[in-house]
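Data file: protein.txt. Format and content: compact mmCIF, C-alpha atoms and all ligand atoms.
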# COMPACT_ATOMS: atom_id res chain seq x y z
CA MET A 1 12.33 -4.55 -30.17
CA GLY A 2 13.45 -6.71 -33.09
CA LEU A 3 12.48 -9.95 -31.38
CA ASP A 4 9.96 -11.26 -33.82
CA LEU A 5 6.89 -11.26 -31.58
CA PRO A 6 3.40 -11.66 -33.05
CA LYS A 7 1.35 -8.47 -33.15
CA GLY A 8 -1.50 -8.39 -30.61
CA GLY A 9 -3.23 -11.52 -29.25
CA GLU A 10 -5.03 -12.35 -26.01
CA THR A 11 -1.85 -12.06 -23.96
CA VAL A 12 0.54 -9.20 -24.72
CA LEU A 13 3.73 -7.87 -23.24
CA TYR A 14 2.96 -4.28 -22.25
CA THR A 15 6.09 -2.20 -21.72
CA GLY A 16 4.16 1.01 -21.00
CA HIS A 17 7.21 2.85 -22.39
CA MET A 18 8.71 3.35 -18.95
CA TYR A 19 12.05 1.71 -19.65
CA GLN A 20 12.22 3.52 -22.99
CA MET A 21 11.14 6.88 -21.64
CA ILE A 22 12.88 7.32 -18.30
CA PRO A 23 16.42 8.11 -19.47
CA THR A 24 15.01 10.78 -21.81
CA LEU A 25 12.43 12.14 -19.43
CA MET A 26 15.00 12.46 -16.70
CA SER A 27 17.32 14.28 -19.10
CA VAL A 28 14.45 16.62 -19.95
CA ALA A 29 14.00 17.19 -16.23
CA LYS A 30 17.69 17.98 -15.89
CA MET A 31 17.49 20.43 -18.79
CA THR A 32 14.52 22.20 -17.27
CA SER A 33 16.24 22.37 -13.92
CA MET A 34 18.91 24.47 -15.60
CA LEU A 35 16.51 26.54 -17.65
CA GLU A 36 13.85 27.43 -15.16
CA ASP A 37 14.38 28.35 -11.59
CA HIS A 38 11.00 28.01 -10.08
CA TRP A 39 9.38 24.64 -9.65
CA LEU A 40 6.08 26.02 -10.84
CA GLY A 41 7.54 26.91 -14.22
CA LYS A 42 8.96 23.44 -14.38
CA SER A 43 5.64 21.91 -13.47
CA LEU A 44 4.03 23.66 -16.43
CA PHE A 45 6.88 22.69 -18.74
CA ILE A 46 6.62 19.10 -17.67
CA GLY A 47 2.85 19.28 -18.02
CA ARG A 48 3.33 20.33 -21.62
CA THR A 49 5.92 17.63 -22.26
CA LEU A 50 3.66 15.01 -20.76
CA ASN A 51 0.79 16.25 -22.84
CA LYS A 52 2.80 15.38 -25.92
CA PHE A 53 3.31 11.86 -24.63
CA ILE A 54 -0.35 11.61 -23.95
CA ASN A 55 -1.51 12.88 -27.31
CA LEU A 56 1.02 11.35 -29.61
CA SER A 57 2.31 8.56 -27.43
CA TRP A 58 5.99 8.08 -27.87
CA PHE A 59 7.24 10.48 -30.51
CA ILE A 60 10.02 12.53 -28.97
CA PRO A 61 13.23 11.55 -30.73
CA ARG A 62 15.03 9.36 -28.28
CA PHE A 63 18.60 9.96 -27.34
CA HIS A 64 20.36 6.92 -28.67
CA SER A 65 22.75 7.05 -25.84
CA LYS A 66 24.61 4.18 -24.30
CA GLU A 67 22.21 4.46 -21.41
CA GLN A 68 19.15 4.18 -23.62
CA LYS A 69 20.56 1.07 -25.29
CA ARG A 70 21.08 -0.47 -21.89
CA TYR A 71 17.46 0.21 -20.91
CA ASP A 72 16.26 -1.32 -24.19
CA GLU A 73 18.37 -4.37 -23.38
CA TYR A 74 16.37 -4.92 -20.17
CA LEU A 75 13.23 -5.32 -22.26
CA ARG A 76 15.00 -7.92 -24.40
CA ASN A 77 16.02 -9.73 -21.20
CA ILE A 78 12.39 -9.88 -20.15
CA VAL A 79 11.30 -11.28 -23.51
CA ARG A 80 13.97 -13.97 -23.24
CA LEU A 81 12.89 -14.83 -19.69
CA LEU A 82 9.24 -15.16 -20.66
CA ARG A 83 10.22 -17.37 -23.58
CA ALA A 84 12.29 -19.56 -21.28
CA ALA A 85 9.18 -19.92 -19.12
CA ASP A 86 7.22 -20.98 -22.19
CA VAL A 87 4.79 -18.08 -22.05
CA GLY A 88 3.08 -17.28 -25.36
CA PHE A 89 2.56 -13.56 -25.90
CA GLY A 90 2.32 -10.83 -28.49
CA TYR A 91 3.20 -7.15 -28.53
CA LEU A 92 1.39 -4.08 -29.83
CA TYR A 93 4.49 -2.50 -31.40
CA GLU A 94 3.90 1.12 -32.43
CA GLU A 95 0.31 0.85 -31.27
CA GLU A 96 1.28 0.45 -27.64
CA LEU A 97 0.55 3.61 -25.67
CA TYR A 98 1.99 5.05 -22.48
CA THR A 99 -0.48 4.51 -19.59
CA GLY A 100 -0.38 8.08 -18.28
CA ALA A 101 0.91 7.19 -14.79
CA LEU A 102 2.94 10.40 -14.33
CA VAL A 103 0.04 12.56 -15.46
CA ARG A 104 -2.16 10.94 -12.86
CA ASP A 105 0.52 11.42 -10.20
CA LEU A 106 0.54 15.14 -10.97
CA GLY A 107 -3.21 15.18 -10.36
CA VAL A 108 -4.32 16.05 -13.89
CA ASP A 109 -7.14 13.57 -13.57
CA ASP A 110 -9.42 14.40 -16.46
CA VAL A 111 -6.58 14.33 -18.99
CA PHE A 112 -5.53 11.02 -17.47
CA GLU A 113 -9.02 9.57 -17.64
CA GLY A 114 -9.48 10.53 -21.28
CA HIS A 115 -6.16 8.93 -22.06
CA ALA A 116 -6.90 5.75 -20.09
CA ARG A 117 -9.99 5.29 -22.23
CA LYS A 118 -7.92 5.62 -25.38
CA VAL A 119 -5.48 2.98 -24.10
CA TYR A 120 -8.36 0.69 -23.18
CA GLU A 121 -9.95 1.05 -26.63
CA ARG A 122 -6.64 0.18 -28.22
CA LEU A 123 -6.35 -2.97 -26.08
CA GLU A 124 -9.95 -3.93 -26.87
CA LYS A 125 -9.38 -3.45 -30.59
CA HIS A 126 -6.65 -6.06 -30.44
CA GLY A 127 -8.71 -8.46 -28.33
CA VAL A 128 -6.26 -8.28 -25.41
CA LYS A 129 -7.39 -10.11 -22.25
CA ARG A 130 -4.15 -10.27 -20.30
CA VAL A 131 -1.13 -8.04 -20.15
CA ILE A 132 2.32 -8.85 -18.83
CA THR A 133 3.96 -5.69 -17.54
CA VAL A 134 7.61 -4.90 -16.92
CA ASP A 135 7.57 -2.06 -14.37
CA PRO A 136 5.57 -1.31 -11.20
CA HIS A 137 3.96 1.96 -12.36
CA THR A 138 2.42 0.44 -15.48
CA THR A 139 1.33 -2.60 -13.46
CA ASP A 140 -0.51 -0.41 -10.94
CA MET A 141 -2.24 1.50 -13.72
CA LEU A 142 -3.39 -1.56 -15.64
CA ARG A 143 -4.29 -3.60 -12.56
CA ASN A 144 -5.76 -1.11 -10.09
CA ILE A 145 -6.32 2.34 -11.55
CA TYR A 146 -7.89 1.72 -14.96
CA GLN A 147 -10.70 -0.26 -13.38
CA GLN A 148 -11.49 2.70 -11.13
CA VAL A 149 -12.00 5.02 -14.09
CA ILE A 150 -13.36 2.55 -16.69
CA PRO A 151 -16.22 0.52 -15.19
CA GLU A 152 -16.19 -2.19 -17.87
CA TYR A 153 -12.42 -2.73 -17.67
CA SER A 154 -11.57 -6.38 -16.97
CA ILE A 155 -8.08 -6.93 -18.37
CA GLU A 156 -5.82 -8.96 -16.12
CA ALA A 157 -2.41 -7.39 -15.47
CA LYS A 158 0.59 -9.17 -14.00
CA SER A 159 4.19 -8.18 -13.74
CA TYR A 160 6.67 -10.48 -15.47
CA LEU A 161 8.17 -11.19 -12.03
CA GLU A 162 4.84 -12.64 -10.91
CA VAL A 163 4.48 -14.62 -14.14
CA LEU A 164 7.99 -16.08 -13.86
CA ARG A 165 7.41 -17.11 -10.29
CA GLU A 166 4.09 -18.77 -11.10
CA ARG A 167 5.68 -20.75 -13.87
CA GLY A 168 8.20 -22.30 -11.50
CA LEU A 169 11.07 -21.66 -13.88
CA GLU A 170 14.27 -23.57 -13.08
CA PRO A 171 17.65 -21.80 -13.25
CA LYS A 172 20.27 -23.05 -15.70
CA THR A 173 23.19 -21.23 -14.17
CA ASP A 174 24.00 -20.53 -10.56
CA LEU A 175 24.38 -16.81 -9.84
CA ASP A 176 26.43 -17.36 -6.75
CA SER A 177 26.61 -13.65 -5.93
CA PRO A 178 25.56 -11.43 -3.05
CA VAL A 179 23.12 -8.63 -3.93
CA VAL A 180 21.47 -5.82 -2.00
CA ILE A 181 17.80 -5.55 -2.87
CA HIS A 182 16.01 -2.23 -3.35
CA ASP A 183 12.21 -2.66 -3.44
CA SER A 184 10.14 -0.24 -5.47
CA CYS A 185 7.57 1.66 -3.36
CA VAL A 186 4.89 0.85 -5.90
CA TYR A 187 5.65 -2.88 -6.12
CA ALA A 188 5.90 -3.24 -2.35
CA ARG A 189 3.16 -0.96 -1.04
CA TYR A 190 0.72 -0.59 -3.93
CA LEU A 191 0.92 -4.07 -5.43
CA ASP A 192 2.22 -6.37 -2.70
CA VAL A 193 5.00 -7.67 -4.95
CA VAL A 194 7.70 -8.34 -2.36
CA ASP A 195 8.28 -12.05 -2.40
CA GLU A 196 8.54 -12.66 -6.17
CA PRO A 197 11.89 -10.95 -6.84
CA ARG A 198 13.38 -12.56 -3.71
CA HIS A 199 12.16 -16.00 -4.66
CA LEU A 200 13.57 -15.73 -8.18
CA LEU A 201 16.94 -14.41 -7.05
CA LYS A 202 17.31 -16.92 -4.22
CA LYS A 203 16.35 -19.87 -6.38
CA ALA A 204 19.09 -18.80 -8.77
CA GLY A 205 21.64 -18.95 -5.96
CA ALA A 206 21.99 -15.24 -5.16
CA THR A 207 22.42 -14.23 -1.53
CA ILE A 208 20.07 -11.36 -0.76
CA HIS A 209 21.03 -8.66 1.70
CA GLU A 210 18.18 -6.56 3.03
CA PRO A 211 18.82 -2.89 3.76
CA GLU A 212 17.47 -1.19 6.88
CA TYR A 213 14.32 -0.16 5.02
CA SER A 214 13.10 -2.98 2.82
CA GLY A 215 10.04 -4.93 1.66
CA LYS A 216 6.83 -3.18 2.76
CA MET A 217 8.97 -0.60 4.57
CA THR A 218 11.14 0.22 1.58
CA TYR A 219 12.54 3.73 1.18
CA CYS A 220 11.84 5.83 -1.92
CA CYS A 221 14.64 6.38 -4.48
CA GLY A 222 13.62 10.03 -4.76
CA GLY A 223 12.72 9.62 -8.45
CA PRO A 224 9.17 10.98 -8.27
CA ALA A 225 10.56 14.37 -7.16
CA GLU A 226 13.18 14.50 -9.91
CA SER A 227 11.16 16.52 -12.39
CA LEU A 228 10.02 19.28 -10.02
CA PHE A 229 12.50 19.27 -7.16
CA PRO A 230 15.74 17.78 -8.51
CA SER A 231 18.01 18.76 -5.65
CA LYS A 232 15.67 17.22 -3.08
CA ALA A 233 15.37 14.10 -5.24
CA HIS A 234 19.12 13.81 -5.35
CA GLU A 235 19.37 14.19 -1.60
CA ILE A 236 16.89 11.34 -1.04
CA ALA A 237 18.64 9.15 -3.62
CA GLY A 238 21.92 9.77 -1.79
CA LYS A 239 20.38 8.84 1.53
CA ARG A 240 18.88 5.67 0.09
CA MET A 241 22.13 4.76 -1.63
CA GLY A 242 23.86 5.12 1.73
CA GLN A 243 21.44 2.63 3.32
CA LEU A 244 22.03 0.21 0.45
CA VAL A 245 25.85 0.34 0.35
CA ASP A 246 25.89 -0.33 4.08
CA MET A 247 24.82 -3.85 3.09
CA GLY A 248 26.93 -4.44 -0.02
CA HIS A 249 28.00 -3.03 -3.35
CA ASP A 250 25.82 -4.79 -5.93
CA VAL A 251 22.41 -3.19 -5.77
CA VAL A 252 19.49 -4.69 -7.65
CA THR A 253 16.42 -2.63 -8.65
CA MET A 254 13.15 -3.54 -10.38
CA CYS A 255 11.86 -0.20 -11.65
CA PRO A 256 13.46 2.06 -14.29
CA ILE A 257 12.89 5.17 -12.16
CA CYS A 258 14.67 3.62 -9.17
CA LEU A 259 17.49 2.42 -11.42
CA PHE A 260 18.06 5.81 -13.00
CA ASN A 261 17.89 7.75 -9.79
CA LEU A 262 19.95 5.46 -7.58
CA GLU A 263 22.56 5.09 -10.26
CA SER A 264 23.02 8.83 -10.43
CA ALA A 265 23.62 8.78 -6.67
CA ALA A 266 26.01 5.81 -6.78
CA GLU A 267 28.96 7.72 -8.18
CA GLY A 268 31.84 7.82 -5.80
CA LYS A 269 30.27 5.25 -3.50
CA GLY A 270 31.87 2.27 -5.22
CA ALA A 271 28.48 0.67 -5.83
CA ALA A 272 26.96 -0.79 -8.97
CA VAL A 273 23.22 -0.61 -9.59
CA GLU A 274 21.64 -3.08 -12.00
CA ASP A 275 18.16 -4.04 -13.14
CA ILE A 276 16.90 -7.38 -11.80
CA SER A 277 16.29 -8.66 -15.35
CA GLU A 278 20.03 -8.58 -15.94
CA TYR A 279 20.56 -11.05 -13.08
CA LEU A 280 17.58 -13.19 -13.94
CA VAL A 281 18.46 -13.54 -17.61
CA LYS A 282 21.89 -14.86 -16.67
CA ALA A 283 20.36 -17.54 -14.48
CA TYR A 284 17.16 -18.43 -16.33
CA GLY A 285 17.34 -16.97 -19.83
CA ILE A 286 17.59 -18.73 -23.17
CA MET B 1 -7.19 36.59 7.91
CA ALA B 2 -7.52 33.21 6.28
CA ARG B 3 -10.57 32.84 4.12
CA VAL B 4 -13.05 30.01 4.61
CA ASN B 5 -14.20 28.90 1.21
CA SER B 6 -17.52 27.11 1.16
CA GLU B 7 -17.07 25.77 -2.38
CA PHE B 8 -13.88 24.10 -1.20
CA ILE B 9 -15.61 22.57 1.82
CA ASP B 10 -18.41 21.25 -0.38
CA GLU B 11 -16.01 19.69 -2.81
CA ILE B 12 -14.16 17.90 -0.03
CA ARG B 13 -17.35 16.69 1.60
CA GLN B 14 -18.54 15.25 -1.69
CA SER B 15 -15.32 13.39 -2.35
CA GLU B 16 -15.33 9.68 -1.73
CA THR B 17 -11.56 9.41 -1.68
CA PHE B 18 -10.52 12.23 0.62
CA ASP B 19 -10.43 10.51 4.01
CA ALA B 20 -8.26 12.90 6.03
CA ALA B 21 -11.03 13.36 8.58
CA ALA B 22 -9.88 10.12 10.22
CA CYS B 23 -6.45 11.64 11.01
CA MET B 24 -5.80 12.03 14.73
CA HIS B 25 -2.72 14.23 14.33
CA CYS B 26 -0.34 11.79 15.95
CA GLY B 27 2.57 12.90 13.73
CA GLN B 28 3.82 9.40 12.84
CA CYS B 29 3.66 10.18 9.13
CA THR B 30 5.73 13.35 9.45
CA ALA B 31 8.31 11.52 11.54
CA ILE B 32 9.00 8.91 8.85
CA CYS B 33 8.53 10.95 5.64
CA PRO B 34 11.71 10.91 3.46
CA MET B 35 10.90 14.38 2.16
CA GLY B 36 10.56 15.63 5.73
CA LEU B 37 7.17 17.03 4.81
CA ASP B 38 6.33 18.72 8.02
CA LEU B 39 3.00 20.12 6.96
CA LEU B 40 1.83 17.00 5.37
CA PRO B 41 -0.61 15.64 6.13
CA ARG B 42 -1.21 16.61 9.71
CA GLN B 43 -1.28 20.38 9.44
CA LEU B 44 -2.64 20.40 5.96
CA PHE B 45 -5.49 18.17 6.96
CA LEU B 46 -6.38 20.62 9.67
CA TYR B 47 -6.57 23.40 7.10
CA VAL B 48 -8.58 21.25 4.78
CA GLY B 49 -10.95 20.26 7.56
CA ALA B 50 -11.50 23.93 8.33
CA GLY B 51 -11.99 24.76 4.65
CA LEU B 52 -9.12 27.25 4.58
CA GLU B 53 -8.41 27.20 0.89
CA ASP B 54 -5.84 30.00 1.05
CA LYS B 55 -3.77 28.05 3.55
CA VAL B 56 -3.86 24.96 1.38
CA LEU B 57 -2.73 26.97 -1.62
CA GLU B 58 0.07 28.55 0.36
CA ASN B 59 1.38 25.03 0.87
CA ARG B 60 1.15 23.90 -2.71
CA GLU B 61 4.89 23.38 -3.03
CA THR B 62 4.64 20.86 -0.21
CA ILE B 63 1.64 19.24 -1.86
CA PHE B 64 3.52 18.85 -5.14
CA SER B 65 6.70 17.56 -3.54
CA CYS B 66 5.18 14.43 -1.98
CA LEU B 67 6.68 11.31 -3.55
CA LEU B 68 3.44 9.32 -3.25
CA CYS B 69 5.69 6.64 -1.78
CA ARG B 70 3.21 5.66 0.98
CA LEU B 71 5.88 4.99 3.60
CA CYS B 72 3.84 7.20 5.93
CA GLU B 73 0.76 5.05 5.39
CA GLU B 74 2.54 1.96 6.73
CA ASN B 75 2.75 3.65 10.11
CA CYS B 76 -0.57 5.49 10.21
CA PRO B 77 -2.73 4.19 13.06
CA ARG B 78 -5.87 5.47 11.32
CA ASP B 79 -5.19 3.98 7.87
CA VAL B 80 -5.49 7.36 6.19
CA SER B 81 -4.90 7.17 2.41
CA ILE B 82 -2.34 9.94 2.65
CA ALA B 83 -0.96 9.68 -0.90
CA GLU B 84 -4.42 9.62 -2.48
CA ASP B 85 -5.39 12.62 -0.38
CA VAL B 86 -2.32 14.47 -1.66
CA ARG B 87 -3.33 13.61 -5.21
CA PHE B 88 -6.81 14.91 -4.51
CA LEU B 89 -5.37 18.27 -3.44
CA ARG B 90 -3.12 18.40 -6.52
CA ASN B 91 -6.12 17.83 -8.71
CA TYR B 92 -8.03 20.59 -6.91
CA ILE B 93 -5.15 23.04 -7.31
CA ASN B 94 -4.66 22.09 -10.98
CA ARG B 95 -8.28 22.79 -11.75
CA LYS B 96 -8.87 25.86 -9.61
CA VAL B 97 -5.54 27.63 -9.84
CA TYR B 98 -3.77 26.48 -12.99
CA LYS B 99 -6.97 25.86 -14.95
CA LEU B 100 -5.31 22.67 -16.13
CA ALA B 101 -8.31 20.79 -17.39
CA ARG B 102 -9.31 19.40 -20.73
CA ASN B 103 -12.26 21.74 -21.19
S1 LIG C 1 0.01 9.04 10.83
FE1 LIG C 1 -2.14 9.07 10.19
S2 LIG C 1 -3.29 9.68 12.04
FE2 LIG C 1 -1.10 10.18 12.42
S3 LIG C 1 -0.92 12.38 11.78
FE3 LIG C 1 -0.38 11.12 10.00
S4 LIG C 1 -2.31 10.86 8.83
FE4 LIG C 1 -2.82 11.57 10.89
S1 LIG C 2 3.75 9.50 0.53
FE1 LIG C 2 4.41 11.67 0.64
S2 LIG C 2 3.94 12.31 2.74
FE2 LIG C 2 3.97 10.05 2.72
S3 LIG C 2 6.06 9.47 3.29
FE3 LIG C 2 5.96 9.52 1.04
S4 LIG C 2 6.65 11.62 0.50
FE4 LIG C 2 6.11 11.66 2.70
Would you kindly transcribe this structure into structure tokens?
Amino acid sequence: MGLDLPKGGETVLYTGHMYQMIPTLMSVAKMTSMLEDHWLGKSLFIGRTLNKFINLSWFIPRFHSKEQKRYDEYLRNIVRLLRAADVGFGYLYEEELYTGALVRDLGVDDVFEGHARKVYERLEKHGVKRVITVDPHTTDMLRNIYQQVIPEYSIEAKSYLEVLRERGLEPKTDLDSPVVIHDSCVYARYLDVVDEPRHLLKKAGATIHEPEYSGKMTYCCGGPAESLFPSKAHEIAGKRMGQLVDMGHDVVTMCPICLFNLESAAEGKGAAVEDISEYLVKAYGI
Amino acid sequence: MARVNSEFIDEIRQSETFDAAACMHCGQCTAICPMGLDLLPRQLFLYVGAGLEDKVLENRETIFSCLLCRLCEENCPRDVSIAEDVRFLRNYINRKVYKLARN
């Protein structure tokens, strides 16, 4: 990331590669949706692609698109926010591995379990006791799922939103803007992270508008269906975007999958979708 | 004629996570599902309960299209772990049909 973080340590920032991977993975999904007609063919193609992630971690040459640079910027925002909150942390650099969340979602459990062990061994090797995560899927893996498949697993995992809230960070600039909040299904229903983003935004002076489905009852962005059923995914994203623009035009997300998918449905609706870190860094960052 | 597969029934009985037996077929989950998954989980759970493997496999597209978003679970009066149950069926299909396993 070019931010001069120490390598390893008891507390590390764990990106889980989601922000880095999603723009590319979604483009791969789009390519396959043109190449192969049947979802089953796609499922096997995606299985193979994911297998490469699993075995070699992050090796696929990334598209250095404008979009990718933007997603990388969100990670820099998060580093700046944690620094502003005086949190000491390291990073595993090229040794950080993807957690395997999508493989588990597809139900390829034994591949996932073998991989989870590899990730755990890597964390152990570096003496990691706590991880700070940046997206809901990685947080769920490292907080809830790894301990189900690795009995001795005891690493504490918290999302940076939880860490920032705990630290009681004070804003330096007033945001003074209305936003429409889109909760991630995984943050809201798997991890009970509902209050943290609201608290941080409100404290910074933002006015939060809640869509019809929000908090625990949030509505999926459609992203999880993108790789196998892209047209259905797009339909759901469009429906969700409709619910959001009913409440305002600046939509804030907290998951790279939600961001990517909702943004692709925002065209022509006069709405702007932005990652929460972009708002928070303006108010709290150094 | 749908086939009753005893290996399938055994596997489901042995599972600690598959809790679809608690479902009372009220249809709340289907009503709220963003994907409009009509067969899931109500009908599918009936098939699973009866051990009709062929019927489950016929519905694999439905099984793979669930978003695992858990909106349905918020409304379920029986607290069925619907998303985990869907994942269980995916895993079963991956192993038995696609032979997608490490070994
Ligand atoms: S809401 Fe629960 S009890 Fe009702 S049909 Fe769905 S799974 Fe069954
Ligand atoms: S978890 Fe699956 S079945 Fe339940 S509401 Fe979401 S998409 Fe529908």
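With all atoms listed in the file as the atoms that count, the minimum distance from ligand LIG 2 (chain C) to the choices B:Val97, B:Val4, B:Ala31, B:Cys72 is reached by B:Cys72.
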* Asked: Which residue out of A:Glu156, A:Asp86, A:Glu196, A:Asp174 has the minimum interatomic distance to Ile286 (chain A) when all atoms listed in the file are used?
  -> A:Asp86
Contact residues (chain A, partner chain B, 7 Å, only C-alpha atoms) as a CSV table (one decimal) with C-alpha atoms, keeping the file's coordinate frame:
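iface-v9.csv was written with the following content:
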chain,number,residue,atom,x,y,z
A,105,ASP,CA,0.5,11.4,-10.2
A,106,LEU,CA,0.5,15.1,-11.0
A,107,GLY,CA,-3.2,15.2,-10.4
A,108,VAL,CA,-4.3,16.0,-13.9
A,109,ASP,CA,-7.1,13.6,-13.6
A,110,ASP,CA,-9.4,14.4,-16.5
A,111,VAL,CA,-6.6,14.3,-19.0
A,185,CYS,CA,7.6,1.7,-3.4
A,189,ARG,CA,3.2,-1.0,-1.0
A,217,MET,CA,9.0,-0.6,4.6
A,220,CYS,CA,11.8,5.8,-1.9
A,224,PRO,CA,9.2,11.0,-8.3
A,225,ALA,CA,10.6,14.4,-7.2
A,236,ILE,CA,16.9,11.3,-1.0
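Close contacts of region 275-284 of chain A, defined as residues with an atom at most 8 Å away when counting all atoms listed in the file, with chain neighbours fewer than 6 positions off set aside, comprise Tyr74, Asn77, Ile78, Arg80, Leu81, Ala84, Leu169, Glu170, Pro171, Lys172, Thr173, Asp174, Leu175, Pro197, Leu200, Leu201, Ala204, Val252, Thr253, Met254, Cys255, Pro256 and Leu259 of chain A.
Residues with any atom within 10 Å of Phe260 (chain A), counting all atoms listed in the file and excluding same-chain neighbours fewer than 6 positions away, are A:Tyr19, A:Ile22, A:Pro23, A:Met26, A:Glu67, A:Tyr71, A:Cys221, A:Gly223, A:Ala237, A:Thr253, A:Val273, A:Glu274, A:Asp275.
Take the candidates B:Val48, B:Cys29, B:Cys76, B:Val56 and check each one against ligand LIG 2 (chain C) using all atoms listed in the file; the shortest distance goes to B:Cys29.
Proximity ranking of B:Ile9, B:Glu58, B:Asp79, B:Leu37 relative to ligand LIG 1 (chain C) places B:Asp79 first, based on all atoms listed in the file.
CA of Lys69 (chain A) is found 15.0 Å from CA of Leu3 (chain A).
From CA of Glu152 (chain A) back to CA of Leu123 (chain A), the distance works out to 12.8 Å.
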* To do: Please check which protein, DNA or RNA residues sit within 6 Å of ligand LIG 1 (chain C), counting all atoms listed in the file, and write them as JSON, numbers by chain.
  => {"B": [23, 24, 25, 26, 27, 28, 29, 41, 42, 76, 77, 78, 80]}
* Structure fact -> As a check of understanding: the span from CA of Glu53 (chain B) to CA of Ser231 (chain A) is 28.5 Å
Spatial neighbours of Val245 (chain A), max dist 10 Å, all atoms listed in the file, sep filter under 2 positions, as a PDB file with C-alpha atoms, in the frame of the given file:
ATOM      1  CA  VAL A 180      21.470  -5.820  -2.000  1.00  0.00           C
ATOM      2  CA  PRO A 211      18.820  -2.890   3.760  1.00  0.00           C
ATOM      3  CA  ARG A 240      18.880   5.670   0.090  1.00  0.00           C
ATOM      4  CA  MET A 241      22.130   4.760  -1.630  1.00  0.00           C
ATOM      5  CA  GLY A 242      23.860   5.120   1.730  1.00  0.00           C
ATOM      6  CA  GLN A 243      21.440   2.630   3.320  1.00  0.00           C
ATOM      7  CA  MET A 247      24.820  -3.850   3.090  1.00  0.00           C
ATOM      8  CA  GLY A 248      26.930  -4.440  -0.020  1.00  0.00           C
ATOM      9  CA  HIS A 249      28.000  -3.030  -3.350  1.00  0.00           C
ATOM     10  CA  ASP A 250      25.820  -4.790  -5.930  1.00  0.00           C
ATOM     11  CA  VAL A 251      22.410  -3.190  -5.770  1.00  0.00           C
ATOM     12  CA  ALA A 266      26.010   5.810  -6.780  1.00  0.00           C
ATOM     13  CA  LYS A 269      30.270   5.250  -3.500  1.00  0.00           C
ATOM     14  CA  GLY A 270      31.870   2.270  -5.220  1.00  0.00           C
ATOM     15  CA  ALA A 271      28.480   0.670  -5.830  1.00  0.00           C
ATOM     16  CA  ALA A 272      26.960  -0.790  -8.970  1.00  0.00           C
TER      17      ALA A 272
END
Output requested as a short mmCIF file (atom, residue, chain, number, x, y, z; two decimals), in the coordinates of the input - region 53-64 of chain B, filled out with N, CA and C atoms.
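Output file rebuild_18.cif follows:
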data_model
loop_
_atom_site.label_atom_id
_atom_site.label_comp_id
_atom_site.auth_asym_id
_atom_site.auth_seq_id
_atom_site.Cartn_x
_atom_site.Cartn_y
_atom_site.Cartn_z
N GLU B 53 -9.01 27.41 2.20
CA GLU B 53 -8.41 27.20 0.89
C GLU B 53 -7.10 27.96 0.72
N ASP B 54 -7.06 29.20 1.21
CA ASP B 54 -5.84 30.00 1.05
C ASP B 54 -4.64 29.31 1.67
N LYS B 55 -4.87 28.74 2.85
CA LYS B 55 -3.77 28.05 3.55
C LYS B 55 -3.30 26.83 2.76
N VAL B 56 -4.23 26.12 2.18
CA VAL B 56 -3.86 24.96 1.38
C VAL B 56 -3.03 25.42 0.19
N LEU B 57 -3.45 26.48 -0.44
CA LEU B 57 -2.73 26.97 -1.62
C LEU B 57 -1.34 27.49 -1.26
N GLU B 58 -1.25 28.09 -0.10
CA GLU B 58 0.07 28.55 0.36
C GLU B 58 1.05 27.39 0.44
N ASN B 59 0.53 26.21 0.70
CA ASN B 59 1.38 25.03 0.87
C ASN B 59 1.46 24.17 -0.37
N ARG B 60 1.22 24.77 -1.53
CA ARG B 60 1.15 23.90 -2.71
C ARG B 60 2.50 23.30 -3.07
N GLU B 61 3.58 23.98 -2.74
CA GLU B 61 4.89 23.38 -3.03
C GLU B 61 5.04 22.06 -2.27
N THR B 62 4.61 22.09 -1.01
CA THR B 62 4.64 20.86 -0.21
C THR B 62 3.76 19.79 -0.85
N ILE B 63 2.58 20.20 -1.28
CA ILE B 63 1.64 19.24 -1.86
C ILE B 63 2.23 18.60 -3.12
N PHE B 64 2.94 19.40 -3.91
CA PHE B 64 3.52 18.85 -5.14
C PHE B 64 4.85 18.14 -4.91
#
